[in-house]
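Enquirer: Structure in structure tokens, see below.
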Amino acid sequence: MNTEPALMSLTAVAKAIAEKRVSSREVTQSCLDRIAQWQPKLNAFMAIEAEEALKAADAADAALAKGNAKGVLHGVPLAHKDMYYDKGKVVTCGSRIRKDFVATTTSTALRRLKDAGTVRLGSLQMVEFAYGPTGHNPHYGPVHNPWNVDHITGGSSSGFGSAVAARLTFAALGSDTGGSIRMPAHFCGVTGLKTTVGRISRAGAMPLSWSLDTVGPLAQSAEDCALLLGLMAGADPEDPTASALPVPDYMAATKQSIKGLKIGVPTAFYVDDLDSEVARVLDETLAVLKKEGAEIVKVELPDQRQLTAACQFVLATEAAAFHKRWMIERPQDYGAQVLMRLQNGLAIPAVSYLEAMRWRGPALVAYLAAVEGTDAVIAPVAPMPAPTIAESDVGTSHDAEAVIQRVTRFTRPINYLGLPSLSIPTGFAKTGLPVGLQIIGRSFDEAMLIRIGAAFQRATDFHARVPKLS
Amino acid sequence: MTRPTAKEIKAMTEVAGVPVDNDVATRIANSIGPAFEGFAPVAGTLPFDLEPTTFLLVQNAKAEQ
């Protein structure tokens, strides 16, 4: 066992607590110690609830001593993106508008993790209302990348990427509407799972765009994500859009070989205009997958630029509709960039929005036909490693939307198609910044992504590397 | 698809109940213009019998196979 419990993986620490090799208090204190060291440099946490966390950890230890373990995550301390309603807790959604909002319900995803025994450490920073891919927040300040604090974490789940990478929490819940889980996973060197639309209930999670929003985990490894997904997935009477399809044994997928699997690599779009370091890491990753027995095949995908445009129509229109009342009553309380992007949605005609929605089915059919015969597709998450905070602070500048679109151009098509995608750390740039790749699967086939991700992580150690406090 | 002009956007935001000034309308036009151009090959060419729910039918049909 690591001498510092906070450095263990989620699955390892859960097992260690269950076997009483370490107490929940020791683990929680270890996380709190790291938070105290790192938080001044990272700004990853929105709220730190040290006293309550230790009290809950003591209660977990007492229950375990009596043989009353709640579930597989009994006594494991976690923190989540500050947009999951937790009854009685302030949930800011990264905004000034909701800075005093106290949730009256608990989100289904969070409740399922609590039912498994987790302890709450606090809440994690995020981009205002989850509407931005860089991690800047005018109300609470930018979150910093633990690999180099001058660089962004990616967003919108900014605190979640930073905190998991620095090992301040074993895992976290995030959301992905246009890349908000995969982007921080890529920029911060951790593993993030964007689930199929409908795989995890969205009840009690702040909406941004209800047609595109997905809930998913970020953790050290594909195995940790598998554990969390298995706990959260499945039908929910509080969210009729949650799928009733059976929940597979995702942990079993982590043990399977990838020998004989066919993994597709796009011939265009996802490989265009790549930073040379991202291109190098992609080549090296394909070599590892080949060595593990996978067959790499080229795939010609339909025009992905149209998917990006269609995604922008859906996201911008639904976000504007959701925020309209506050845009009228409290425009001064929004950050300038978020207000600017919300205003964009006002200018999209209803017919254009509905055309984008109608095209989703045919677009998915065309994509699935193009990848027929493959088990998954691998592609970069973004064309570059994490930019600096200064260079990506575009605010309301003339080219702000263009910069945002460039950062998210490889993630948005997948949101539009509603597909699952696992972002795994696959290497490091010469600058020391992590580089991740996304493995894209078929609807509800998260198990395949976990299988490939876990096999890659058995063969490499990128996911196990920890940034040092400078 | 034709990108809307700043003048058209100003009118649309007024109808939506969230009016913006000329500068903001111009900024919006520049900001979302590329999306209208990107979606152009598809817009207006979709089959008549296509419903928005087709996406869910495709998603679930593939998953159940």
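The chains in the structure tokens are called A, B, ... from first to last as shown; in each chain the residues are counted from 1, and the ligands are counted from 1 in the order shown.
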Taking only C-alpha atoms into account, which residues of chain A are within 8 Å of chain B, as a PDB file with N, CA, C and O atoms, in the first residue's frame?
Expert:
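Once written, iface-v8.pdb looks like this:
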ATOM      1  N   ARG A 305     -17.600  18.136 -39.746  1.00  0.00           N
ATOM      2  CA  ARG A 305     -17.790  19.586 -39.523  1.00  0.00           C
ATOM      3  C   ARG A 305     -19.269  19.928 -39.438  1.00  0.00           C
ATOM      4  O   ARG A 305     -19.673  20.805 -38.694  1.00  0.00           O
ATOM      5  N   GLN A 306     -20.074  19.206 -40.201  1.00  0.00           N
ATOM      6  CA  GLN A 306     -21.517  19.460 -40.136  1.00  0.00           C
ATOM      7  C   GLN A 306     -22.088  19.068 -38.775  1.00  0.00           C
ATOM      8  O   GLN A 306     -23.001  19.706 -38.259  1.00  0.00           O
ATOM      9  N   LEU A 307     -21.531  17.988 -38.209  1.00  0.00           N
ATOM     10  CA  LEU A 307     -21.994  17.563 -36.886  1.00  0.00           C
ATOM     11  C   LEU A 307     -21.676  18.644 -35.849  1.00  0.00           C
ATOM     12  O   LEU A 307     -22.463  18.917 -34.945  1.00  0.00           O
ATOM     13  N   THR A 308     -20.501  19.239 -35.981  1.00  0.00           N
ATOM     14  CA  THR A 308     -20.098  20.299 -35.050  1.00  0.00           C
ATOM     15  C   THR A 308     -21.048  21.487 -35.155  1.00  0.00           C
ATOM     16  O   THR A 308     -21.484  22.041 -34.141  1.00  0.00           O
ATOM     17  N   ALA A 309     -21.391  21.853 -36.370  1.00  0.00           N
ATOM     18  CA  ALA A 309     -22.310  22.981 -36.575  1.00  0.00           C
ATOM     19  C   ALA A 309     -23.689  22.648 -36.016  1.00  0.00           C
ATOM     20  O   ALA A 309     -24.314  23.470 -35.319  1.00  0.00           O
ATOM     21  N   ALA A 310     -24.162  21.444 -36.287  1.00  0.00           N
ATOM     22  CA  ALA A 310     -25.481  21.033 -35.796  1.00  0.00           C
ATOM     23  C   ALA A 310     -25.498  21.008 -34.269  1.00  0.00           C
ATOM     24  O   ALA A 310     -26.471  21.422 -33.623  1.00  0.00           O
ATOM     25  N   GLN A 312     -23.729  22.855 -32.342  1.00  0.00           N
ATOM     26  CA  GLN A 312     -23.756  24.237 -31.848  1.00  0.00           C
ATOM     27  C   GLN A 312     -25.191  24.784 -31.871  1.00  0.00           C
ATOM     28  O   GLN A 312     -25.617  25.490 -30.947  1.00  0.00           O
ATOM     29  N   PHE A 313     -25.954  24.456 -32.894  1.00  0.00           N
ATOM     30  CA  PHE A 313     -27.352  24.907 -32.960  1.00  0.00           C
ATOM     31  C   PHE A 313     -28.147  24.374 -31.764  1.00  0.00           C
ATOM     32  O   PHE A 313     -28.890  25.101 -31.115  1.00  0.00           O
ATOM     33  N   LYS A 324     -33.230  31.933 -20.299  1.00  0.00           N
ATOM     34  CA  LYS A 324     -33.877  33.169 -20.766  1.00  0.00           C
ATOM     35  C   LYS A 324     -34.351  34.066 -19.607  1.00  0.00           C
ATOM     36  O   LYS A 324     -34.138  35.274 -19.624  1.00  0.00           O
ATOM     37  N   MET A 327     -31.517  35.795 -18.126  1.00  0.00           N
ATOM     38  CA  MET A 327     -30.953  36.750 -19.097  1.00  0.00           C
ATOM     39  C   MET A 327     -31.760  38.052 -19.097  1.00  0.00           C
ATOM     40  O   MET A 327     -31.225  39.131 -19.347  1.00  0.00           O
ATOM     41  N   ILE A 328     -33.061  37.945 -18.807  1.00  0.00           N
ATOM     42  CA  ILE A 328     -33.905  39.146 -18.736  1.00  0.00           C
ATOM     43  C   ILE A 328     -33.755  39.823 -17.371  1.00  0.00           C
ATOM     44  O   ILE A 328     -33.552  41.036 -17.276  1.00  0.00           O
ATOM     45  N   MET A 340     -22.455  36.249 -23.386  1.00  0.00           N
ATOM     46  CA  MET A 340     -22.261  36.386 -24.825  1.00  0.00           C
ATOM     47  C   MET A 340     -22.674  35.108 -25.556  1.00  0.00           C
ATOM     48  O   MET A 340     -23.396  35.148 -26.550  1.00  0.00           O
ATOM     49  N   GLN A 343     -26.414  34.592 -25.521  1.00  0.00           N
ATOM     50  CA  GLN A 343     -27.086  35.472 -26.492  1.00  0.00           C
ATOM     51  C   GLN A 343     -27.032  34.886 -27.901  1.00  0.00           C
ATOM     52  O   GLN A 343     -27.946  35.081 -28.696  1.00  0.00           O
ATOM     53  N   ASN A 344     -25.956  34.141 -28.192  1.00  0.00           N
ATOM     54  CA  ASN A 344     -25.866  33.508 -29.516  1.00  0.00           C
ATOM     55  C   ASN A 344     -27.095  32.641 -29.798  1.00  0.00           C
ATOM     56  O   ASN A 344     -27.575  32.571 -30.924  1.00  0.00           O
ATOM     57  N   LEU A 346     -30.088  33.054 -29.018  1.00  0.00           N
ATOM     58  CA  LEU A 346     -31.309  33.802 -29.342  1.00  0.00           C
ATOM     59  C   LEU A 346     -31.462  33.993 -30.849  1.00  0.00           C
ATOM     60  O   LEU A 346     -32.552  34.279 -31.335  1.00  0.00           O
ATOM     61  N   ALA A 347     -30.357  33.860 -31.570  1.00  0.00           N
ATOM     62  CA  ALA A 347     -30.364  34.199 -32.995  1.00  0.00           C
ATOM     63  C   ALA A 347     -30.479  32.971 -33.891  1.00  0.00           C
ATOM     64  O   ALA A 347     -30.273  33.071 -35.101  1.00  0.00           O
ATOM     65  N   SER A 352     -34.189  26.069 -37.771  1.00  0.00           N
ATOM     66  CA  SER A 352     -32.805  25.568 -37.842  1.00  0.00           C
ATOM     67  C   SER A 352     -32.532  24.600 -36.698  1.00  0.00           C
ATOM     68  O   SER A 352     -31.888  23.551 -36.876  1.00  0.00           O
ATOM     69  N   LEU A 354     -34.710  22.771 -35.119  1.00  0.00           N
ATOM     70  CA  LEU A 354     -35.430  21.512 -35.333  1.00  0.00           C
ATOM     71  C   LEU A 354     -34.825  20.698 -36.473  1.00  0.00           C
ATOM     72  O   LEU A 354     -34.834  19.466 -36.440  1.00  0.00           O
ATOM     73  N   GLU A 355     -34.273  21.373 -37.450  1.00  0.00           N
ATOM     74  CA  GLU A 355     -33.565  20.634 -38.500  1.00  0.00           C
ATOM     75  C   GLU A 355     -32.357  19.914 -37.913  1.00  0.00           C
ATOM     76  O   GLU A 355     -32.069  18.769 -38.263  1.00  0.00           O
ATOM     77  N   ALA A 356     -31.650  20.594 -37.018  1.00  0.00           N
ATOM     78  CA  ALA A 356     -30.491  19.959 -36.377  1.00  0.00           C
ATOM     79  C   ALA A 356     -30.935  18.749 -35.558  1.00  0.00           C
ATOM     80  O   ALA A 356     -30.253  17.720 -35.530  1.00  0.00           O
ATOM     81  N   MET A 357     -32.081  18.860 -34.906  1.00  0.00           N
ATOM     82  CA  MET A 357     -32.591  17.721 -34.126  1.00  0.00           C
ATOM     83  C   MET A 357     -33.053  16.584 -35.040  1.00  0.00           C
ATOM     84  O   MET A 357     -32.825  15.410 -34.756  1.00  0.00           O
ATOM     85  N   ARG A 358     -33.688  16.924 -36.134  1.00  0.00           N
ATOM     86  CA  ARG A 358     -34.177  15.894 -37.062  1.00  0.00           C
ATOM     87  C   ARG A 358     -33.016  15.144 -37.718  1.00  0.00           C
ATOM     88  O   ARG A 358     -33.146  13.970 -38.054  1.00  0.00           O
ATOM     89  N   TRP A 359     -31.904  15.827 -37.885  1.00  0.00           N
ATOM     90  CA  TRP A 359     -30.781  15.211 -38.602  1.00  0.00           C
ATOM     91  C   TRP A 359     -29.979  14.263 -37.720  1.00  0.00           C
ATOM     92  O   TRP A 359     -29.141  13.497 -38.208  1.00  0.00           O
ATOM     93  N   ARG A 360     -30.238  14.292 -36.427  1.00  0.00           N
ATOM     94  CA  ARG A 360     -29.446  13.438 -35.514  1.00  0.00           C
ATOM     95  C   ARG A 360     -29.537  11.956 -35.872  1.00  0.00           C
ATOM     96  O   ARG A 360     -28.541  11.238 -35.843  1.00  0.00           O
ATOM     97  N   GLY A 361     -30.747  11.480 -36.174  1.00  0.00           N
ATOM     98  CA  GLY A 361     -30.935  10.066 -36.509  1.00  0.00           C
ATOM     99  C   GLY A 361     -30.154   9.677 -37.759  1.00  0.00           C
ATOM    100  O   GLY A 361     -29.318   8.758 -37.730  1.00  0.00           O
ATOM    101  N   PRO A 362     -30.399  10.366 -38.891  1.00  0.00           N
ATOM    102  CA  PRO A 362     -29.641  10.030 -40.101  1.00  0.00           C
ATOM    103  C   PRO A 362     -28.129  10.186 -39.919  1.00  0.00           C
ATOM    104  O   PRO A 362     -27.354   9.402 -40.487  1.00  0.00           O
ATOM    105  N   LEU A 364     -26.444   9.665 -37.185  1.00  0.00           N
ATOM    106  CA  LEU A 364     -25.976   8.506 -36.414  1.00  0.00           C
ATOM    107  C   LEU A 364     -25.934   7.261 -37.304  1.00  0.00           C
ATOM    108  O   LEU A 364     -24.984   6.464 -37.246  1.00  0.00           O
ATOM    109  N   VAL A 365     -26.958   7.094 -38.145  1.00  0.00           N
ATOM    110  CA  VAL A 365     -26.974   5.960 -39.082  1.00  0.00           C
ATOM    111  C   VAL A 365     -25.733   6.001 -39.976  1.00  0.00           C
ATOM    112  O   VAL A 365     -25.052   4.992 -40.180  1.00  0.00           O
ATOM    113  N   HIS A 398     -13.370  39.358 -30.250  1.00  0.00           N
ATOM    114  CA  HIS A 398     -14.002  39.099 -31.544  1.00  0.00           C
ATOM    115  C   HIS A 398     -13.895  37.625 -31.953  1.00  0.00           C
ATOM    116  O   HIS A 398     -14.821  37.065 -32.544  1.00  0.00           O
ATOM    117  N   ASP A 399     -12.752  37.003 -31.645  1.00  0.00           N
ATOM    118  CA  ASP A 399     -12.560  35.620 -32.097  1.00  0.00           C
ATOM    119  C   ASP A 399     -12.795  34.582 -30.991  1.00  0.00           C
ATOM    120  O   ASP A 399     -12.384  33.437 -31.110  1.00  0.00           O
ATOM    121  N   GLU A 401     -15.474  32.937 -29.940  1.00  0.00           N
ATOM    122  CA  GLU A 401     -16.222  31.744 -30.334  1.00  0.00           C
ATOM    123  C   GLU A 401     -15.368  30.845 -31.231  1.00  0.00           C
ATOM    124  O   GLU A 401     -15.417  29.619 -31.121  1.00  0.00           O
ATOM    125  N   ALA A 402     -14.561  31.457 -32.087  1.00  0.00           N
ATOM    126  CA  ALA A 402     -13.693  30.671 -32.980  1.00  0.00           C
ATOM    127  C   ALA A 402     -12.674  29.878 -32.165  1.00  0.00           C
ATOM    128  O   ALA A 402     -12.395  28.704 -32.465  1.00  0.00           O
ATOM    129  N   ARG A 442     -20.010   2.523 -29.730  1.00  0.00           N
ATOM    130  CA  ARG A 442     -21.407   2.543 -30.175  1.00  0.00           C
ATOM    131  C   ARG A 442     -22.303   2.887 -28.986  1.00  0.00           C
ATOM    132  O   ARG A 442     -21.890   2.760 -27.830  1.00  0.00           O
ATOM    133  N   SER A 443     -23.529   3.284 -29.282  1.00  0.00           N
ATOM    134  CA  SER A 443     -24.478   3.643 -28.234  1.00  0.00           C
ATOM    135  C   SER A 443     -24.571   2.527 -27.190  1.00  0.00           C
ATOM    136  O   SER A 443     -24.738   1.348 -27.552  1.00  0.00           O
ATOM    137  N   PHE A 444     -24.443   2.880 -25.944  1.00  0.00           N
ATOM    138  CA  PHE A 444     -24.569   1.978 -24.788  1.00  0.00           C
ATOM    139  C   PHE A 444     -23.490   0.885 -24.743  1.00  0.00           C
ATOM    140  O   PHE A 444     -23.634  -0.095 -24.024  1.00  0.00           O
ATOM    141  N   ASP A 445     -22.408   1.056 -25.493  1.00  0.00           N
ATOM    142  CA  ASP A 445     -21.339   0.055 -25.448  1.00  0.00           C
ATOM    143  C   ASP A 445     -20.126   0.591 -24.676  1.00  0.00           C
ATOM    144  O   ASP A 445     -18.984   0.483 -25.130  1.00  0.00           O
TER     145      ASP A 445
END
Enquirer: Which of region 220-393 of chain A end up as strand (DSSP E or B) when DSSP is run on this backbone - answer as a list in words?
Expert: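 These are the residues in question: Ala233, Asp236, Asp239, Lys262, Ile263, Gly264, Val265, Pro266, Glu295, Ile296, Val297, Lys298, Val299, Ala376, Val377, Ile378, Ala379, Pro380 and Thr388 of chain A.
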Enquirer: If you keep C-alpha atoms, can you produce a file of those selected residues as a PDB file, in the first residue's frame?
Expert:
ATOM      1  CA  ALA A 233     -26.147   3.547 -14.615  1.00  0.00           C
ATOM      2  CA  ASP A 236     -34.567   6.074 -12.943  1.00  0.00           C
ATOM      3  CA  ASP A 239     -35.640  10.808 -15.248  1.00  0.00           C
ATOM      4  CA  LYS A 262     -10.580  -3.867 -34.665  1.00  0.00           C
ATOM      5  CA  ILE A 263      -9.914  -0.265 -33.737  1.00  0.00           C
ATOM      6  CA  GLY A 264     -10.609   2.398 -36.326  1.00  0.00           C
ATOM      7  CA  VAL A 265      -8.521   5.502 -36.931  1.00  0.00           C
ATOM      8  CA  PRO A 266     -10.211   8.311 -38.871  1.00  0.00           C
ATOM      9  CA  GLU A 295      -5.944  -4.590 -35.391  1.00  0.00           C
ATOM     10  CA  ILE A 296      -5.769  -0.941 -36.439  1.00  0.00           C
ATOM     11  CA  VAL A 297      -7.896  -0.067 -39.462  1.00  0.00           C
ATOM     12  CA  LYS A 298      -8.589   3.207 -41.238  1.00  0.00           C
ATOM     13  CA  VAL A 299     -12.148   4.553 -41.233  1.00  0.00           C
ATOM     14  CA  ALA A 376     -14.317   1.317 -31.529  1.00  0.00           C
ATOM     15  CA  VAL A 377     -12.675   4.379 -33.020  1.00  0.00           C
ATOM     16  CA  ILE A 378      -9.697   6.207 -31.514  1.00  0.00           C
ATOM     17  CA  ALA A 379      -9.082   9.934 -32.012  1.00  0.00           C
ATOM     18  CA  PRO A 380      -7.518  12.945 -30.289  1.00  0.00           C
ATOM     19  CA  THR A 388      -1.805  28.604 -21.086  1.00  0.00           C
TER      20      THR A 388
END
Enquirer: With distances taken over only C-alpha atoms, which of A:Ala79, A:Asp303, A:Glu329, A:Val338 is nearest to Leu208 (chain A)?
Expert: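 When distances to Leu208 (chain A) are compared using only C-alpha atoms, the smallest one comes from A:Val338.
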Enquirer: What lies within 12 Å of region 142-144 of chain A using only C-alpha atoms, ignoring chain neighbours under 3 positions off, as a count of residues only?
Expert: 52
Enquirer: Need to verify the contact set: Leu449 (chain A), 12 Å, only C-alpha atoms, exclusion of same-chain residues closer than 4 positions in sequence. Can you return it as JSON, numbers by chain?
Expert: {"A": [191, 192, 193, 194, 195, 196, 222, 223, 225, 226, 250, 251, 253, 254, 256, 258, 261, 263, 375, 376, 377, 378, 419, 420, 421, 422, 423, 424, 437, 438, 439, 440, 441, 442, 443, 444, 445, 453, 454, 455, 456]}
Enquirer: Those same residues, written as an mmCIF file, in the first residue's frame with C-alpha atoms?
Expert:
data_model
loop_
_atom_site.group_PDB
_atom_site.id
_atom_site.type_symbol
_atom_site.label_atom_id
_atom_site.label_comp_id
_atom_site.auth_asym_id
_atom_site.auth_seq_id
_atom_site.Cartn_x
_atom_site.Cartn_y
_atom_site.Cartn_z
ATOM 1 C CA THR A 191 -9.366 9.037 -17.284
ATOM 2 C CA GLY A 192 -12.828 10.404 -18.091
ATOM 3 C CA LEU A 193 -15.924 8.682 -19.405
ATOM 4 C CA LYS A 194 -18.542 10.522 -21.437
ATOM 5 C CA THR A 195 -21.486 8.154 -21.340
ATOM 6 C CA THR A 196 -24.168 7.478 -23.942
ATOM 7 C CA ALA A 222 -10.640 2.882 -16.737
ATOM 8 C CA GLU A 223 -11.155 0.358 -13.936
ATOM 9 C CA CYS A 225 -14.571 4.553 -14.113
ATOM 10 C CA ALA A 226 -16.052 1.073 -14.606
ATOM 11 C CA TYR A 250 -18.343 -3.176 -16.486
ATOM 12 C CA MET A 251 -15.717 -4.469 -14.056
ATOM 13 C CA ALA A 253 -14.707 -5.779 -19.094
ATOM 14 C CA THR A 254 -11.554 -4.488 -17.399
ATOM 15 C CA GLN A 256 -10.633 -8.832 -20.988
ATOM 16 C CA ILE A 258 -8.181 -6.720 -26.776
ATOM 17 C CA LEU A 261 -10.444 -6.290 -31.747
ATOM 18 C CA ILE A 263 -9.914 -0.265 -33.737
ATOM 19 C CA ASP A 375 -15.189 -2.316 -32.333
ATOM 20 C CA ALA A 376 -14.317 1.317 -31.529
ATOM 21 C CA VAL A 377 -12.675 4.379 -33.020
ATOM 22 C CA ILE A 378 -9.697 6.207 -31.514
ATOM 23 C CA LEU A 419 -22.153 8.236 -28.364
ATOM 24 C CA PRO A 420 -19.983 7.138 -25.424
ATOM 25 C CA SER A 421 -16.318 8.116 -25.416
ATOM 26 C CA LEU A 422 -13.551 7.289 -22.966
ATOM 27 C CA SER A 423 -10.652 9.735 -22.683
ATOM 28 C CA ILE A 424 -7.470 8.088 -21.402
ATOM 29 C CA LEU A 437 -6.959 10.299 -26.647
ATOM 30 C CA GLN A 438 -10.635 9.395 -26.850
ATOM 31 C CA ILE A 439 -11.954 5.934 -27.648
ATOM 32 C CA ILE A 440 -15.393 6.308 -29.219
ATOM 33 C CA GLY A 441 -17.902 3.467 -29.129
ATOM 34 C CA ARG A 442 -21.407 2.543 -30.175
ATOM 35 C CA SER A 443 -24.478 3.643 -28.234
ATOM 36 C CA PHE A 444 -24.569 1.978 -24.788
ATOM 37 C CA ASP A 445 -21.339 0.055 -25.448
ATOM 38 C CA GLY A 453 -8.856 1.538 -21.948
ATOM 39 C CA ALA A 454 -8.034 -0.992 -19.241
ATOM 40 C CA ALA A 455 -5.904 -3.073 -21.609
ATOM 41 C CA PHE A 456 -3.942 0.033 -22.613
#
Enquirer: Would you compute the distance between CA of Gly373 (chain A) and CA of Gln304 (chain A)? Give it in Å to one decimal.
Expert: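 The value is 19.7 Å.
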Enquirer: For the alpha helix (DSSP H) assignment from backbone DSSP, which residues of region 8-62 of chain A qualify? Please present them as a PyMOL selection string.
Expert: chain A and resi 10-18+24-42+50-62
